[in-house]
Amino acid sequence: MEYILFYGLATTSVTAALVVVFANRVIYSALALIVCFGAIAGLFFQLDAQFIAAVQVIVYAGAIMVLFLFVIMLLDPESEDFSTDRLKQIPILVVPLAAALAFILIQVTFLWSENASRSLSAGGHTAGSLQMTGNTESLARLLFREYLLPFEITSILILSAVLGAVILTRRPE
Amino acid sequence: MIPSTHYLVVAALLFVIGVSGVILRRNVITMFMCIELMLNAVNLTFITFSRFLNQLDGQIFVLFVMTVAAAEAAVGLALIVILSRRADTLDVDQADTMKW
């Protein structure tokens with residue numbers, strides 16, 4: 001059951017990601033990206049990160065993608081055709097590059113899992129202890145104690161981003 | 001319990017798809033969405049490590065990555081709007097004023 005769910009979510013996310021890259025129209029890419037984010041939220045759920053899964057759906061699939069869809073509807077970009085000469089010659093370079101990068105990343109993954117089997121019991125937040133206190137509560141304790149300063153700095157980052165966006169899109173007088 | 005490598009391989013695949021999307025596509029909005037895809041792949045890696053090392057720090061980092069992604073989306077989409085307003089194109093190959 002666990003495995004069926006995992007493989008379903010994994011194939012959904014990877015297929016949706018491929019649609020994002022290879023769709024001719026930008027709006028299809030955006031919709032596929034929403035599906036991909038939803039599937040990744042499901043994977044977060046499986047990894048006992050319920051709060052992050054909810055935030056993923058609300059912030060990513062909700063806020064950020066709505067922003068994207070707004071801009072797409074505002075600008076109405078023309079569809080990009082893959083049959084043009086310019087796009088045809090690029091995959092010759094991209095495919096080996098992507099294959100090499102995937103090989104390296106997966107190799108690192110297996111290297112890590114070999115080392116980790118020796119020293120895995122690093123932290124105290126096991127699945128059992130998280131179930132006792134709750135994922136959100138444990139996360140809040142960590143965020144507002146040890147990571148309080150980074151958290152406050154984040155608010156400055158968001159403020160500057162909002163100001164930047166407002167100033168950038170202002171109509172020139 | 002599904003082994004950690006399964007999740008990490010999915011994250012690696014998503015990241016590589018995002019990278020190839022940035023190289024392959026010439027539409028600014030699609031390239032930008034591929035960057036978001038890469039950020040999400042990294043988030044998946046963070047959560048996986050957080051789960052299998054029994055530490056919550058990875059989830060805190062994911063929260064910060066999401067904040068940065070939201071800020072980036074706001075500023076980046078503002079830049080895209082200006083680009084289409086000034087150059088009347090969304091093709092990065094045509095926005096080459098600063099190219100040497």
# chains A, B, ... in the order shown; residues from 1 in each chain; ligands from 1
call {"tool": "residues_around", "arguments": {"residues": "segment 90-105 of chain A", "least_positions_apart": "3", "cutoff": "10 Å", "atoms": "only C-alpha atoms", "output": "number ranges by chain"}}
result
A: 85-87, 108-111; B: 8-9, 11-21, 23-25
call {"tool": "closest_atom_pairs", "arguments": {"of": "segment 70-93 of chain B", "to": "segment 30-35 of chain B", "cutoff": "10 Å", "atoms": "only C-alpha atoms", "output": "JSON lines"}}
result
{"residue": "B:Glu72", "atom": "CA", "partner": "B:Phe32", "partner_atom": "CA", "distance": 9.7}
{"residue": "B:Ala73", "atom": "CA", "partner": "B:Phe32", "partner_atom": "CA", "distance": 8.3}
{"residue": "B:Gly76", "atom": "CA", "partner": "B:Phe32", "partner_atom": "CA", "distance": 8.0}
{"residue": "B:Leu77", "atom": "CA", "partner": "B:Phe32", "partner_atom": "CA", "distance": 8.7}
{"residue": "B:Ile80", "atom": "CA", "partner": "B:Phe32", "partner_atom": "CA", "distance": 9.6}
{"residue": "B:Leu90", "atom": "CA", "partner": "B:Thr30", "partner_atom": "CA", "distance": 9.8}
{"residue": "B:Val92", "atom": "CA", "partner": "B:Met31", "partner_atom": "CA", "distance": 9.5}
call {"tool": "atom_distance", "arguments": {"atom1": "atom CA of Val26 of chain A", "atom2": "atom CA of Glu78 of chain A"}}
result
8.1 Å
call {"tool": "closest_residue", "arguments": {"among": "A:Val66, A:Pro172, A:Ala32, A:Tyr3", "to": "chain B", "atoms": "only C-alpha atoms"}}
result
A:Tyr3
call {"tool": "residues_around", "arguments": {"residues": "segment 85-88 of chain B", "least_positions_apart": "6", "cutoff": "12 Å", "atoms": "only C-alpha atoms", "output": "number ranges by chain"}}
result
A: 74-78, 168-172; B: 78-79, 94-97
call {"tool": "closest_atom_pairs", "arguments": {"of": "segment 13-99 of chain B", "to": "segment 52-63 of chain A", "cutoff": "10 Å", "atoms": "only C-alpha atoms", "output": "CSV"}}
result
residue,atom,partner,partner_atom,distance
B:Glu36,CA,A:Tyr60,CA,9.1
B:Asn40,CA,A:Tyr60,CA,9.3
B:Asn43,CA,A:Ile52,CA,9.8
B:Ile47,CA,A:Ile52,CA,8.8
B:Gln59,CA,A:Ile52,CA,7.0
B:Ile60,CA,A:Ile52,CA,9.0
B:Val62,CA,A:Ile52,CA,7.7
B:Leu63,CA,A:Ile52,CA,7.4
B:Met66,CA,A:Val59,CA,7.7
B:Thr67,CA,A:Val59,CA,8.9
B:Ala69,CA,A:Tyr60,CA,8.7
B:Ala70,CA,A:Val59,CA,7.8
B:Ala73,CA,A:Ala63,CA,9.9
call {"tool": "write_last_selection", "arguments": {"atoms": "C-alpha atoms", "output": "PDB file, in the first residue's frame"}}
result
ATOM      1  CA  GLU B  36      10.751  26.652  -9.100  1.00  0.00           C
ATOM      2  CA  ASN B  40      11.077  21.884  -5.051  1.00  0.00           C
ATOM      3  CA  ASN B  43      13.013  20.704  -0.777  1.00  0.00           C
ATOM      4  CA  ILE B  47      12.611  16.606   3.885  1.00  0.00           C
ATOM      5  CA  GLN B  59      11.963  21.127   7.551  1.00  0.00           C
ATOM      6  CA  ILE B  60      12.881  24.583   8.902  1.00  0.00           C
ATOM      7  CA  VAL B  62      12.365  24.065   3.603  1.00  0.00           C
ATOM      8  CA  LEU B  63      10.271  26.841   5.143  1.00  0.00           C
ATOM      9  CA  MET B  66       9.738  28.514   0.320  1.00  0.00           C
ATOM     10  CA  THR B  67      10.015  32.097   1.585  1.00  0.00           C
ATOM     11  CA  ALA B  69      10.927  31.182  -3.619  1.00  0.00           C
ATOM     12  CA  ALA B  70       7.923  33.413  -2.909  1.00  0.00           C
ATOM     13  CA  ALA B  73       8.524  34.827  -7.737  1.00  0.00           C
TER      14      ALA B  73
END
call {"tool": "closest_residue", "arguments": {"among": "A:Ser155, A:Gln107, A:Asn135, A:Gln46", "to": "Ile2 of chain B", "atoms": "only C-alpha atoms"}}
result
A:Gln46
call {"tool": "closest_residue", "arguments": {"among": "A:Val14, A:Ala23, A:Val35, A:Leu9", "to": "chain B", "atoms": "only C-alpha atoms"}}
result
A:Val14
call {"tool": "residues_around", "arguments": {"residues": "Val162 of chain A", "least_positions_apart": "3", "cutoff": "9 Å", "atoms": "only C-alpha atoms", "output": "PyMOL selection string"}}
result
(chain A and resi 157-159+165-167) or (chain B and resi 71+74-75)
call {"tool": "atom_distance", "arguments": {"atom1": "atom CA of Leu67 of chain A", "atom2": "atom CA of Leu31 of chain A"}}
result
12.4 Å
call {"tool": "select_by_dssp", "arguments": {"residues": "chain A", "states": "alpha helix (DSSP H)", "output": "NGL selection string"}}
result
:A and (2-22 or 26-46 or 50-55 or 65-75 or 85-116 or 127-133 or 135-145 or 148-168)
